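File shown: coords-v6.txt. Contents: compact mmCIF, C-alpha atoms.
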# COMPACT_ATOMS: atom_id res chain seq x y z
CA MET Q 1119 -1.04 47.63 24.63
CA ASN Q 1120 1.52 44.96 25.63
CA LYS Q 1121 -1.23 42.84 27.18
CA LYS Q 1122 -3.32 42.89 24.01
CA PHE Q 1123 -0.29 42.12 21.91
CA SER Q 1124 0.55 39.11 24.14
CA VAL Q 1125 -2.97 37.73 23.75
CA PHE Q 1126 -2.75 38.21 20.00
CA LEU Q 1127 0.58 36.35 19.91
CA ILE Q 1128 -0.79 33.45 21.95
CA PHE Q 1129 -3.82 33.22 19.64
CA LEU Q 1130 -1.60 33.21 16.55
CA PHE Q 1131 0.63 30.52 18.04
CA ALA Q 1132 -2.30 28.26 18.84
CA LEU Q 1133 -3.84 28.84 15.45
CA PHE Q 1134 -0.77 27.78 13.53
CA SER Q 1135 0.28 25.02 15.89
CA SER Q 1136 -2.96 23.08 15.76
CA CYS Q 1137 -2.30 20.05 13.68
CA GLU Q 1138 -5.29 20.13 11.43
CA LYS Q 1139 -4.94 17.31 8.94
CA GLU Q 1140 -4.11 18.67 5.50
CA THR Q 1141 -6.84 18.19 2.93
CA GLU Q 1142 -6.14 14.76 1.52
CA ASN Q 1143 -6.38 13.99 -2.18
CA PRO Q 1144 -9.70 12.09 -2.57
CA TYR Q 1145 -8.01 9.62 -4.93
CA ILE Q 1146 -5.96 8.28 -2.02
CA GLY Q 1147 -9.08 6.83 -0.39
CA LEU Q 1148 -10.49 5.44 -3.63
CA LEU Q 1149 -7.39 3.67 -4.91
CA PRO Q 1150 -6.99 0.86 -2.33
CA GLY Q 1151 -8.84 -2.29 -3.29
CA PHE Q 1152 -8.75 -5.39 -5.44
CA TRP Q 1153 -8.80 -4.42 -9.11
CA THR Q 1154 -9.33 -6.53 -12.24
CA GLN Q 1155 -7.97 -5.36 -15.58
CA THR Q 1156 -10.82 -5.02 -18.07
CA SER Q 1157 -9.45 -3.17 -21.09
CA ILE Q 1158 -6.30 -1.93 -22.78
CA THR Q 1159 -6.33 0.80 -25.40
CA ILE Q 1160 -3.31 1.59 -27.55
CA ASP Q 1161 -3.39 4.86 -29.48
CA GLY Q 1162 -7.16 4.89 -29.15
CA VAL Q 1163 -7.65 1.35 -30.41
CA ASN Q 1164 -9.27 -1.06 -28.00
CA GLN Q 1165 -7.22 -4.24 -27.72
CA SER Q 1166 -8.57 -7.75 -27.53
CA LEU Q 1167 -7.34 -9.06 -24.19
CA THR Q 1168 -5.55 -12.37 -23.96
CA PRO Q 1169 -6.53 -14.75 -21.13
CA CYS Q 1170 -3.34 -13.73 -19.38
CA GLU Q 1171 -4.24 -10.03 -19.60
CA LEU Q 1172 -7.76 -10.79 -18.37
CA SER Q 1173 -6.22 -12.53 -15.38
CA THR Q 1174 -4.35 -9.42 -14.28
CA ARG Q 1175 -5.21 -8.38 -10.73
CA LEU Q 1176 -4.02 -5.41 -8.71
CA LEU Q 1177 -4.26 -5.54 -4.91
CA ILE Q 1178 -3.66 -1.96 -3.78
CA GLU Q 1179 -3.41 -1.30 -0.05
CA GLN Q 1180 -3.60 1.92 1.89
CA ASN Q 1181 -0.03 1.70 3.17
CA GLY Q 1182 1.37 2.55 -0.24
CA ILE Q 1183 2.10 -1.03 -1.29
CA TYR Q 1184 0.45 -2.95 -4.08
CA ARG Q 1185 0.73 -6.47 -5.45
CA LEU Q 1186 0.30 -7.39 -9.12
CA TYR Q 1187 -0.79 -10.85 -10.22
CA SER Q 1188 -0.98 -12.28 -13.70
CA SER Q 1189 -1.52 -15.86 -14.79
CA CYS Q 1190 1.06 -15.28 -17.57
CA ASP Q 1191 3.90 -16.20 -15.28
CA GLU Q 1192 2.02 -16.75 -12.00
CA VAL Q 1193 4.40 -14.37 -10.29
CA GLN Q 1194 3.16 -11.89 -7.72
CA ARG Q 1195 4.99 -8.62 -8.12
CA PRO Q 1196 4.97 -6.15 -5.22
CA GLY Q 1197 5.54 -2.47 -5.67
CA THR Q 1198 4.80 0.90 -4.18
CA TRP Q 1199 2.23 3.49 -5.18
CA LEU Q 1200 1.93 7.19 -4.63
CA ILE Q 1201 -0.44 9.83 -5.90
CA SER Q 1202 1.29 13.08 -6.75
CA ASP Q 1203 0.40 16.37 -8.42
CA ASP Q 1204 -3.32 15.69 -7.82
CA ASP Q 1205 -3.82 13.22 -10.67
CA MET Q 1206 -0.56 11.37 -11.22
CA LEU Q 1207 -0.17 7.79 -10.10
CA ASP Q 1208 3.43 6.78 -9.48
CA LEU Q 1209 4.00 3.04 -9.40
CA SER Q 1210 7.23 1.16 -8.93
CA MET Q 1211 7.09 -1.63 -11.52
CA ASP Q 1212 9.30 -4.49 -12.57
CA ARG Q 1213 11.51 -3.72 -15.56
CA ARG Q 1214 13.39 -6.47 -17.32
CA ASN Q 1215 17.15 -6.45 -17.39
CA GLY Q 1216 18.36 -9.57 -19.14
CA ASP Q 1217 16.89 -12.52 -17.26
CA SER Q 1218 16.06 -10.58 -14.13
CA TYR Q 1219 13.89 -7.63 -13.14
CA TYR Q 1220 14.54 -4.51 -11.16
CA SER Q 1221 12.18 -1.95 -9.66
CA PHE Q 1222 11.55 1.07 -11.87
CA PRO Q 1223 9.36 4.14 -11.31
CA VAL Q 1224 6.53 4.58 -13.79
CA ARG Q 1225 4.13 7.51 -13.84
CA PHE Q 1226 0.55 7.33 -15.09
CA THR Q 1227 -2.07 10.01 -15.48
CA ILE Q 1228 -5.30 9.18 -13.69
CA LEU Q 1229 -8.10 9.64 -16.20
CA GLU Q 1230 -10.84 8.23 -14.00
CA LEU Q 1231 -10.93 6.95 -10.45
CA SER Q 1232 -14.18 6.16 -8.70
CA SER Q 1233 -15.33 3.60 -6.17
CA ASN Q 1234 -15.29 0.87 -8.82
CA THR Q 1235 -13.39 2.16 -11.88
CA LEU Q 1236 -9.75 3.04 -12.44
CA GLU Q 1237 -8.47 4.29 -15.77
CA ILE Q 1238 -4.87 5.39 -16.20
CA ARG Q 1239 -2.81 6.53 -19.16
CA ILE Q 1240 0.84 6.59 -20.10
CA LYS Q 1241 2.69 7.70 -23.22
CA THR Q 1242 5.86 5.76 -23.67
CA TYR Q 1243 8.10 4.04 -26.17
CA VAL Q 1244 7.02 0.65 -27.47
CA GLY Q 1245 10.40 -0.72 -26.39
CA GLU Q 1246 9.90 0.56 -22.85
CA ARG Q 1247 6.46 -1.03 -22.68
CA LYS Q 1248 7.97 -4.35 -23.70
CA LYS Q 1249 10.57 -4.20 -20.93
CA THR Q 1250 8.18 -3.10 -18.18
CA VAL Q 1251 5.56 -5.36 -16.60
CA MET Q 1252 2.73 -2.96 -17.40
CA PHE Q 1253 0.64 -4.80 -16.19
CA THR Q 1254 1.39 -7.99 -18.06
CA PRO Q 1255 4.85 -9.37 -18.64
CA LEU Q 1256 5.81 -9.53 -22.32
CA PRO Q 1257 8.49 -11.83 -23.71
CA PRO Q 1258 11.70 -10.20 -24.90
CA ASP Q 1259 12.17 -9.61 -28.62
CA ASP Q 1260 13.72 -12.63 -30.26
CA THR Q 1261 16.10 -11.26 -32.87
CA SER Q 1262 18.14 -14.45 -33.24
CA GLU Q 1263 16.78 -15.31 -36.69
CA MET Q 1264 16.16 -11.80 -37.95
CA THR Q 1265 17.86 -10.21 -40.87
CA ASP Q 1266 19.59 -6.88 -40.44
CA GLU Q 1267 16.66 -5.15 -42.12
CA GLU Q 1268 14.21 -6.83 -39.79
CA ARG Q 1269 16.27 -5.85 -36.75
CA PHE Q 1270 16.36 -2.28 -37.98
CA ALA Q 1271 12.59 -2.25 -38.47
CA LEU Q 1272 12.10 -3.67 -34.99
CA ASP Q 1273 14.42 -1.07 -33.54
CA GLN Q 1274 12.43 1.67 -35.25
CA GLU Q 1275 9.20 0.21 -33.91
CA ASN Q 1276 10.61 0.09 -30.38
CA LYS Q 1277 11.45 3.78 -30.63
CA THR Q 1278 7.87 4.71 -31.48
CA ILE Q 1279 5.80 6.45 -28.81
CA GLN Q 1280 2.36 5.06 -28.13
CA THR Q 1281 -0.40 6.01 -25.72
CA TYR Q 1282 -1.56 3.20 -23.49
CA ILE Q 1283 -4.77 3.37 -21.46
CA TYR Q 1284 -5.43 0.71 -18.85
CA ARG Q 1285 -8.82 0.25 -17.31
CA PHE Q 1286 -9.62 -1.70 -14.15
CA THR Q 1287 -12.77 -2.42 -12.21
CA LYS Q 1288 -12.93 -3.10 -8.50
CA ASN Q 1289 -14.24 -6.46 -7.29
CA MET J 1186 -1.62 42.27 41.51
CA ILE J 1187 -1.55 39.05 39.49
CA SER J 1188 1.28 38.79 36.97
CA PRO J 1189 0.02 38.98 33.36
CA VAL J 1190 1.71 35.65 32.71
CA PHE J 1191 -0.50 33.86 35.22
CA LYS J 1192 -3.58 35.70 34.02
CA PHE J 1193 -3.24 34.37 30.49
CA LEU J 1194 -1.76 31.00 31.36
CA PRO J 1195 -5.16 29.19 31.52
CA VAL J 1196 -6.06 30.53 28.05
CA PHE J 1197 -2.72 29.42 26.72
CA LEU J 1198 -3.08 25.96 28.24
CA ILE J 1199 -6.58 25.50 26.81
CA LEU J 1200 -5.43 26.54 23.36
CA MET J 1201 -2.50 24.15 23.57
CA ALA J 1202 -4.84 21.34 24.61
CA PHE J 1203 -6.84 21.78 21.43
CA SER J 1204 -3.74 21.86 19.28
CA GLY J 1205 -3.04 18.15 19.67
CA CYS J 1206 -2.02 16.33 16.54
CA ALA J 1207 -3.56 13.19 14.99
CA LYS J 1208 -0.16 11.60 15.43
CA GLU J 1209 -1.01 11.15 19.09
CA ASP J 1210 -3.62 8.54 18.05
CA ASP J 1211 -0.91 6.61 16.21
CA ASP J 1212 1.31 6.77 19.27
CA THR J 1213 -1.51 5.38 21.44
CA THR J 1214 -2.09 2.49 19.04
CA GLU J 1215 1.61 1.68 18.94
CA ILE J 1216 1.76 1.57 22.72
CA GLN J 1217 -1.31 -0.63 22.89
CA LEU J 1218 0.18 -3.01 20.30
CA LEU J 1219 3.22 -3.70 22.45
CA GLY J 1220 3.29 -7.08 24.13
CA LEU J 1221 3.12 -10.80 23.64
CA TRP J 1222 0.09 -11.81 21.60
CA GLU J 1223 -0.90 -15.47 21.46
CA LEU J 1224 -2.90 -16.85 18.56
CA ASP J 1225 -6.45 -17.86 19.41
CA SER J 1226 -8.30 -18.30 16.13
CA LYS J 1227 -8.13 -17.89 12.39
CA THR J 1228 -10.64 -17.45 9.59
CA VAL J 1229 -10.09 -17.48 5.85
CA ASN J 1230 -12.66 -15.70 3.71
CA GLY J 1231 -15.03 -15.74 6.65
CA THR J 1232 -14.71 -19.48 7.29
CA SER J 1233 -13.24 -20.59 10.59
CA VAL J 1234 -10.05 -22.64 10.29
CA SER J 1235 -9.45 -25.21 12.99
CA LEU J 1236 -6.12 -24.60 14.72
CA SER J 1237 -4.06 -27.45 16.10
CA ASP J 1238 -2.83 -27.31 19.67
CA CYS J 1239 0.66 -26.43 18.50
CA GLU J 1240 -0.64 -23.66 16.22
CA LYS J 1241 -2.35 -22.14 19.23
CA GLN J 1242 1.08 -21.88 20.85
CA SER J 1243 2.18 -19.45 18.11
CA SER J 1244 2.64 -15.84 19.05
CA ILE J 1245 3.80 -12.41 18.01
CA ASN J 1246 5.84 -10.41 20.49
CA LEU J 1247 5.77 -6.74 19.51
CA GLN J 1248 8.54 -4.98 21.36
CA GLU J 1249 9.91 -1.50 21.69
CA PHE J 1250 12.23 -0.03 19.07
CA ASN J 1251 10.08 -1.68 16.37
CA LEU J 1252 11.48 -5.15 17.05
CA CYS J 1253 9.33 -8.23 17.12
CA VAL J 1254 9.70 -11.95 17.60
CA LEU J 1255 7.50 -14.38 15.70
CA TYR J 1256 7.12 -17.76 17.38
CA ASP J 1257 5.85 -20.79 15.48
CA GLY J 1258 4.34 -23.21 17.99
CA CYS J 1259 4.52 -26.19 15.67
CA THR J 1260 8.16 -25.94 14.64
CA GLU J 1261 9.03 -24.36 18.02
CA THR J 1262 11.17 -21.80 16.27
CA SER J 1263 11.43 -18.04 16.69
CA GLN J 1264 12.19 -15.49 14.03
CA ASN J 1265 13.33 -11.95 14.70
CA SER J 1266 11.70 -9.28 12.62
CA GLY J 1267 10.75 -5.63 12.64
CA TRP J 1268 7.35 -4.03 12.88
CA SER J 1269 5.77 -0.65 12.35
CA TYR J 1270 2.37 0.95 12.40
CA ASN J 1271 1.50 3.50 9.76
CA HIS J 1272 -1.41 4.35 7.50
CA GLU J 1273 -3.48 2.44 10.08
CA MET J 1274 -1.79 -0.81 9.13
CA LEU J 1275 0.51 -3.10 11.06
CA ASN J 1276 3.59 -3.96 9.04
CA ILE J 1277 5.68 -6.98 10.02
CA ALA J 1278 8.86 -7.00 7.99
CA LEU J 1279 9.03 -10.76 7.46
CA HIS J 1280 5.48 -10.80 6.12
CA LEU J 1281 5.83 -7.90 3.67
CA PRO J 1282 4.56 -7.04 1.13
CA ALA J 1283 1.41 -8.19 2.94
CA ALA J 1284 0.45 -5.96 5.84
CA TYR J 1285 -2.30 -6.21 8.42
CA TYR J 1286 -5.41 -4.17 9.00
CA ILE J 1287 -6.21 -3.81 12.68
CA ASP J 1288 -9.84 -4.85 13.05
CA GLU J 1289 -9.87 -4.76 16.84
CA LEU J 1290 -7.37 -3.66 19.46
CA THR J 1291 -7.94 -3.61 23.20
CA ASP J 1292 -5.60 -4.15 26.09
CA GLN J 1293 -6.28 -7.89 25.91
CA ASN J 1294 -7.38 -8.61 22.36
CA LEU J 1295 -5.95 -8.04 18.93
CA VAL J 1296 -7.69 -8.96 15.68
CA ILE J 1297 -5.80 -8.40 12.47
CA SER J 1298 -6.57 -9.24 8.88
CA ARG J 1299 -4.53 -9.46 5.73
CA GLN J 1300 -5.38 -9.74 2.05
CA ASP J 1301 -3.61 -11.99 -0.41
CA ILE J 1302 -4.01 -13.06 -4.01
CA THR J 1303 -4.34 -16.81 -4.47
CA ASP J 1304 -2.61 -18.76 -7.22
CA GLN J 1305 -5.90 -18.62 -9.09
CA GLY J 1306 -5.98 -14.81 -8.91
CA GLN J 1307 -8.70 -14.63 -6.27
CA LEU J 1308 -8.73 -12.38 -3.22
CA GLU J 1309 -8.24 -14.19 0.06
CA VAL J 1310 -8.82 -12.53 3.43
CA THR J 1311 -7.27 -14.08 6.53
CA VAL J 1312 -8.32 -12.91 9.98
CA LEU J 1313 -6.17 -13.75 12.99
CA SER J 1314 -7.31 -13.26 16.57
CA TYR J 1315 -4.82 -12.93 19.38
CA SER J 1316 -4.99 -12.36 23.08
CA LYS J 1317 -2.45 -11.31 25.70
As a first step, turn the structure in this file into structure tokens.
Amino acid sequence: MNKKFSVFLIFLFALFSSCEKETENPYIGLLPGFWTQTSITIDGVNQSLTPCELSTRLLIEQNGIYRLYSSCDEVQRPGTWLISDDDMLDLSMDRRNGDSYYSFPVRFTILELSSNTLEIRIKTYVGERKKTVMFTPLPPDDTSEMTDEERFALDQENKTIQTYIYRFTKN
Amino acid sequence: MISPVFKFLPVFLILMAFSGCAKEDDDTTEIQLLGLWELDSKTVNGTSVSLSDCEKQSSINLQEFNLCVLYDGCTETSQNSGWSYNHEMLNIALHLPAAYYIDELTDQNLVISRQDITDQGQLEVTVLSYSK
């Protein structure tokens, strides 16, 4: 009886100690690549892309680092990426603070990810979108010549939630 | 009479042999990366780039404890940096956020490539070949 039990224990040990690679999320293998932004949808309305938005490029590499390029300011912005909860894409993105930027975590829902198409969605405040380079830098609101009423209206607009969908194709 | 321990030892050893982790492959690559690598050639987007004699004196010295020394043959200057190997990419701290794919690694040859975005928003692939 002891002999059989010992064999059983050894078998159990080997079974649980073998380092079989955990099943990897298939998105992880599809995400790396050189992506070109092709469309932006806000609350279901397809936006007409400016030349600067059309120039947006995402170079995503398998080591969890990406680089964002836009001709708007010709600045290359590095960040990190991570896929979590099966279909969530976490990116660290530049967020404006005065005249400088700091790294800020932003979470998108992956709507579609194939060998040549990436579509991601985020619901956020208009004001937050303006401060974050998502994926194009936007100028800060210029309230210097606004009336109080106009500033109030702008503040209300910035506190509105909108749904943004970004679509990219792989070169 | 043979002790039960010795009777089952071969089975145990065989089972342990098959329980090796993928991490061992990473360890092997890291060991093979160690050493002084001298630059031999360079291509950009598949086109060979002629290296000057001084450029061919450039090297990367990947050392233990994730330290490395980058030597520029033209300016004859060395820079200390760190390096690591993960997700099948070679990371050199001074060159981040760009990292290198290892296209070829033998005891004598190392070929690495990196991707960059040009000022015009185009993808540029640089391949560097080194030898020990």
Near-Tyr1286 (chain J) list (10 Å; only C-alpha atoms; drop same-chain fewer than 2 positions) as number ranges by chain: Q: 1179-1181; J: 1270, 1272-1276, 1283-1284, 1288-1289, 1296-1300, 1312
Nearest residue to Thr1281 (chain Q) from the set Q:Val1251, Q:Val1244, Q:Leu1231, Q:Thr1154 (distances using all atoms listed in the file):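 Distance minimum relative to Thr1281 (chain Q) lands on Q:Val1244.
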J:Phe1250, J:Tyr1256, J:Trp1222, J:Trp1268 ranked by distance to Ser1314 (chain J), top pick (using all atoms listed in the file): J:Trp1222
Residue nearest chain Q among J:Gln1248, J:Asn1271, J:Gln1217, J:Gln1293 (counting only C-alpha atoms): J:Asn1271
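Separating CA of Asn1143 (chain Q) from CA of Met1206 (chain Q) is a distance of 11.1 Å.
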Residue among J:Val1234, J:Leu1281, J:Leu1290, J:Leu1295 lying closest to chain Q, counting only C-alpha atoms: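 Ranked by minimum distance to chain Q, first place goes to J:Leu1281.
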Within 12 Å of file point (-12.2, -19.0, 6.9), counting all atoms listed in the file, expressed as a list of chain:residue names: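 Applying the cut-off with all atoms listed in the file, one gets J:Ser1226, J:Lys1227, J:Thr1228, J:Val1229, J:Asn1230, J:Gly1231, J:Thr1232, J:Ser1233, J:Val1234, J:Ser1235, J:Leu1236, J:Ser1298, J:Glu1309, J:Val1310, J:Thr1311, J:Val1312, J:Leu1313.
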Length of the CA of Phe1222 (chain Q) to CA of Asp1301 (chain J) vector [Å]: 23.1 Å
May I have the centre and edge lengths, in Å to one decimal, of an axis-aligned box around the listed atoms of region 1214-1217 of chain Q with 6 Å added to every side, as lines of an AutoDock Vina configuration file?
center_x = 15.9
center_y = -9.5
center_z = -18.2
size_x = 17.0
size_y = 18.1
size_z = 13.9
Point-to-point distance from CA of Met1211 (chain Q) to CA of Gly1245 (chain Q), Å rounded to tenths: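 Computing the Euclidean distance for CA of Met1211 (chain Q) and CA of Gly1245 (chain Q) yields 15.3 Å.
Distance check against Leu1219 (chain J) using all atoms listed in the file: of J:Asn1294, J:Gln1242, J:Thr1260, J:Asp1304, the minimum falls on J:Asn1294.
Nearest to chain J of all the residues Q:Thr1159, Q:Asn1234, Q:Asn1215, Q:Asn1289 is Q:Asn1289, based on all atoms listed in the file.
Omitting Phe1286 (chain Q) and its sequence neighbours fewer than 3 positions away, and counting only C-alpha atoms, the residues within 8 Å are Trp1153, Thr1154, Gln1155, Thr1156, Ser1157, Thr1235, Leu1236 and Glu1237 of chain Q.
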Output the selection as an mmCIF file, keeping the file's coordinate frame - C-alpha atoms for each residue.
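Saved result, part_30.cif, follows:
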data_model
loop_
_atom_site.group_PDB
_atom_site.id
_atom_site.type_symbol
_atom_site.label_atom_id
_atom_site.label_comp_id
_atom_site.auth_asym_id
_atom_site.auth_seq_id
_atom_site.Cartn_x
_atom_site.Cartn_y
_atom_site.Cartn_z
ATOM 1 C CA TRP Q 1153 -8.800 -4.420 -9.110
ATOM 2 C CA THR Q 1154 -9.330 -6.530 -12.240
ATOM 3 C CA GLN Q 1155 -7.970 -5.360 -15.580
ATOM 4 C CA THR Q 1156 -10.820 -5.020 -18.070
ATOM 5 C CA SER Q 1157 -9.450 -3.170 -21.090
ATOM 6 C CA THR Q 1235 -13.390 2.160 -11.880
ATOM 7 C CA LEU Q 1236 -9.750 3.040 -12.440
ATOM 8 C CA GLU Q 1237 -8.470 4.290 -15.770
#
Reconstructed N, CA and C atoms for region 1243-1271 of chain J, given as a PDB file, keeping the file's coordinate frame:
ATOM      1  N   SER J1243       1.467 -20.475  18.883  1.00  0.00           N
ATOM      2  CA  SER J1243       2.180 -19.450  18.110  1.00  0.00           C
ATOM      3  C   SER J1243       1.871 -18.068  18.663  1.00  0.00           C
ATOM      4  N   SER J1244       2.822 -17.181  18.489  1.00  0.00           N
ATOM      5  CA  SER J1244       2.640 -15.840  19.050  1.00  0.00           C
ATOM      6  C   SER J1244       3.435 -14.800  18.276  1.00  0.00           C
ATOM      7  N   ILE J1245       3.049 -13.568  18.519  1.00  0.00           N
ATOM      8  CA  ILE J1245       3.800 -12.410  18.010  1.00  0.00           C
ATOM      9  C   ILE J1245       4.147 -11.563  19.225  1.00  0.00           C
ATOM     10  N   ASN J1246       5.412 -11.255  19.374  1.00  0.00           N
ATOM     11  CA  ASN J1246       5.840 -10.410  20.490  1.00  0.00           C
ATOM     12  C   ASN J1246       6.293  -9.071  19.921  1.00  0.00           C
ATOM     13  N   LEU J1247       5.447  -8.072  20.030  1.00  0.00           N
ATOM     14  CA  LEU J1247       5.770  -6.740  19.510  1.00  0.00           C
ATOM     15  C   LEU J1247       6.475  -5.954  20.610  1.00  0.00           C
ATOM     16  N   GLN J1248       7.717  -5.600  20.330  1.00  0.00           N
ATOM     17  CA  GLN J1248       8.540  -4.980  21.360  1.00  0.00           C
ATOM     18  C   GLN J1248       8.861  -3.533  20.990  1.00  0.00           C
ATOM     19  N   GLU J1249       9.488  -2.873  21.933  1.00  0.00           N
ATOM     20  CA  GLU J1249       9.910  -1.500  21.690  1.00  0.00           C
ATOM     21  C   GLU J1249      10.985  -1.477  20.605  1.00  0.00           C
ATOM     22  N   PHE J1250      11.228  -0.242  20.116  1.00  0.00           N
ATOM     23  CA  PHE J1250      12.230  -0.030  19.070  1.00  0.00           C
ATOM     24  C   PHE J1250      11.885  -0.816  17.800  1.00  0.00           C
ATOM     25  N   ASN J1251      10.578  -1.043  17.593  1.00  0.00           N
ATOM     26  CA  ASN J1251      10.080  -1.680  16.370  1.00  0.00           C
ATOM     27  C   ASN J1251      10.679  -3.067  16.110  1.00  0.00           C
ATOM     28  N   LEU J1252      10.997  -3.772  17.187  1.00  0.00           N
ATOM     29  CA  LEU J1252      11.480  -5.150  17.050  1.00  0.00           C
ATOM     30  C   LEU J1252      10.335  -6.093  17.380  1.00  0.00           C
ATOM     31  N   CYS J1253      10.322  -7.232  16.740  1.00  0.00           N
ATOM     32  CA  CYS J1253       9.330  -8.230  17.120  1.00  0.00           C
ATOM     33  C   CYS J1253       9.897  -9.629  16.947  1.00  0.00           C
ATOM     34  N   VAL J1254       9.296 -10.550  17.663  1.00  0.00           N
ATOM     35  CA  VAL J1254       9.700 -11.950  17.600  1.00  0.00           C
ATOM     36  C   VAL J1254       8.468 -12.749  17.223  1.00  0.00           C
ATOM     37  N   LEU J1255       8.595 -13.531  16.150  1.00  0.00           N
ATOM     38  CA  LEU J1255       7.500 -14.380  15.700  1.00  0.00           C
ATOM     39  C   LEU J1255       7.799 -15.805  16.119  1.00  0.00           C
ATOM     40  N   TYR J1256       6.903 -16.394  16.904  1.00  0.00           N
ATOM     41  CA  TYR J1256       7.120 -17.760  17.380  1.00  0.00           C
ATOM     42  C   TYR J1256       6.136 -18.701  16.712  1.00  0.00           C
ATOM     43  N   ASP J1257       6.672 -19.758  16.112  1.00  0.00           N
ATOM     44  CA  ASP J1257       5.850 -20.790  15.480  1.00  0.00           C
ATOM     45  C   ASP J1257       5.730 -21.948  16.462  1.00  0.00           C
ATOM     46  N   GLY J1258       4.519 -22.189  16.973  1.00  0.00           N
ATOM     47  CA  GLY J1258       4.340 -23.210  17.990  1.00  0.00           C
ATOM     48  C   GLY J1258       4.556 -24.619  17.496  1.00  0.00           C
ATOM     49  N   CYS J1259       4.399 -24.831  16.185  1.00  0.00           N
ATOM     50  CA  CYS J1259       4.520 -26.190  15.670  1.00  0.00           C
ATOM     51  C   CYS J1259       5.980 -26.581  15.419  1.00  0.00           C
ATOM     52  N   THR J1260       6.730 -25.654  14.876  1.00  0.00           N
ATOM     53  CA  THR J1260       8.160 -25.940  14.640  1.00  0.00           C
ATOM     54  C   THR J1260       8.996 -25.532  15.845  1.00  0.00           C
ATOM     55  N   GLU J1261       8.341 -24.843  16.801  1.00  0.00           N
ATOM     56  CA  GLU J1261       9.030 -24.360  18.020  1.00  0.00           C
ATOM     57  C   GLU J1261      10.256 -23.533  17.668  1.00  0.00           C
ATOM     58  N   THR J1262      10.068 -22.672  16.683  1.00  0.00           N
ATOM     59  CA  THR J1262      11.170 -21.800  16.270  1.00  0.00           C
ATOM     60  C   THR J1262      10.730 -20.344  16.360  1.00  0.00           C
ATOM     61  N   SER J1263      11.694 -19.486  16.630  1.00  0.00           N
ATOM     62  CA  SER J1263      11.430 -18.040  16.690  1.00  0.00           C
ATOM     63  C   SER J1263      12.178 -17.350  15.559  1.00  0.00           C
ATOM     64  N   GLN J1264      11.536 -16.298  15.056  1.00  0.00           N
ATOM     65  CA  GLN J1264      12.190 -15.490  14.030  1.00  0.00           C
ATOM     66  C   GLN J1264      12.158 -14.040  14.488  1.00  0.00           C
ATOM     67  N   ASN J1265      13.282 -13.370  14.370  1.00  0.00           N
ATOM     68  CA  ASN J1265      13.330 -11.950  14.700  1.00  0.00           C
ATOM     69  C   ASN J1265      12.919 -11.146  13.468  1.00  0.00           C
ATOM     70  N   SER J1266      12.149 -10.110  13.725  1.00  0.00           N
ATOM     71  CA  SER J1266      11.700  -9.280  12.620  1.00  0.00           C
ATOM     72  C   SER J1266      11.544  -7.854  13.107  1.00  0.00           C
ATOM     73  N   GLY J1267      11.041  -7.001  12.251  1.00  0.00           N
ATOM     74  CA  GLY J1267      10.750  -5.630  12.640  1.00  0.00           C
ATOM     75  C   GLY J1267       9.273  -5.384  12.426  1.00  0.00           C
ATOM     76  N   TRP J1268       8.753  -4.375  13.086  1.00  0.00           N
ATOM     77  CA  TRP J1268       7.350  -4.030  12.880  1.00  0.00           C
ATOM     78  C   TRP J1268       7.188  -2.516  12.907  1.00  0.00           C
ATOM     79  N   SER J1269       6.092  -2.076  12.303  1.00  0.00           N
ATOM     80  CA  SER J1269       5.770  -0.650  12.350  1.00  0.00           C
ATOM     81  C   SER J1269       4.263  -0.504  12.179  1.00  0.00           C
ATOM     82  N   TYR J1270       3.790   0.660  12.561  1.00  0.00           N
ATOM     83  CA  TYR J1270       2.370   0.950  12.400  1.00  0.00           C
ATOM     84  C   TYR J1270       2.258   2.283  11.672  1.00  0.00           C
ATOM     85  N   ASN J1271       1.755   2.248  10.464  1.00  0.00           N
ATOM     86  CA  ASN J1271       1.500   3.500   9.760  1.00  0.00           C
ATOM     87  C   ASN J1271       0.382   3.291   8.754  1.00  0.00           C
TER      88      ASN J1271
END
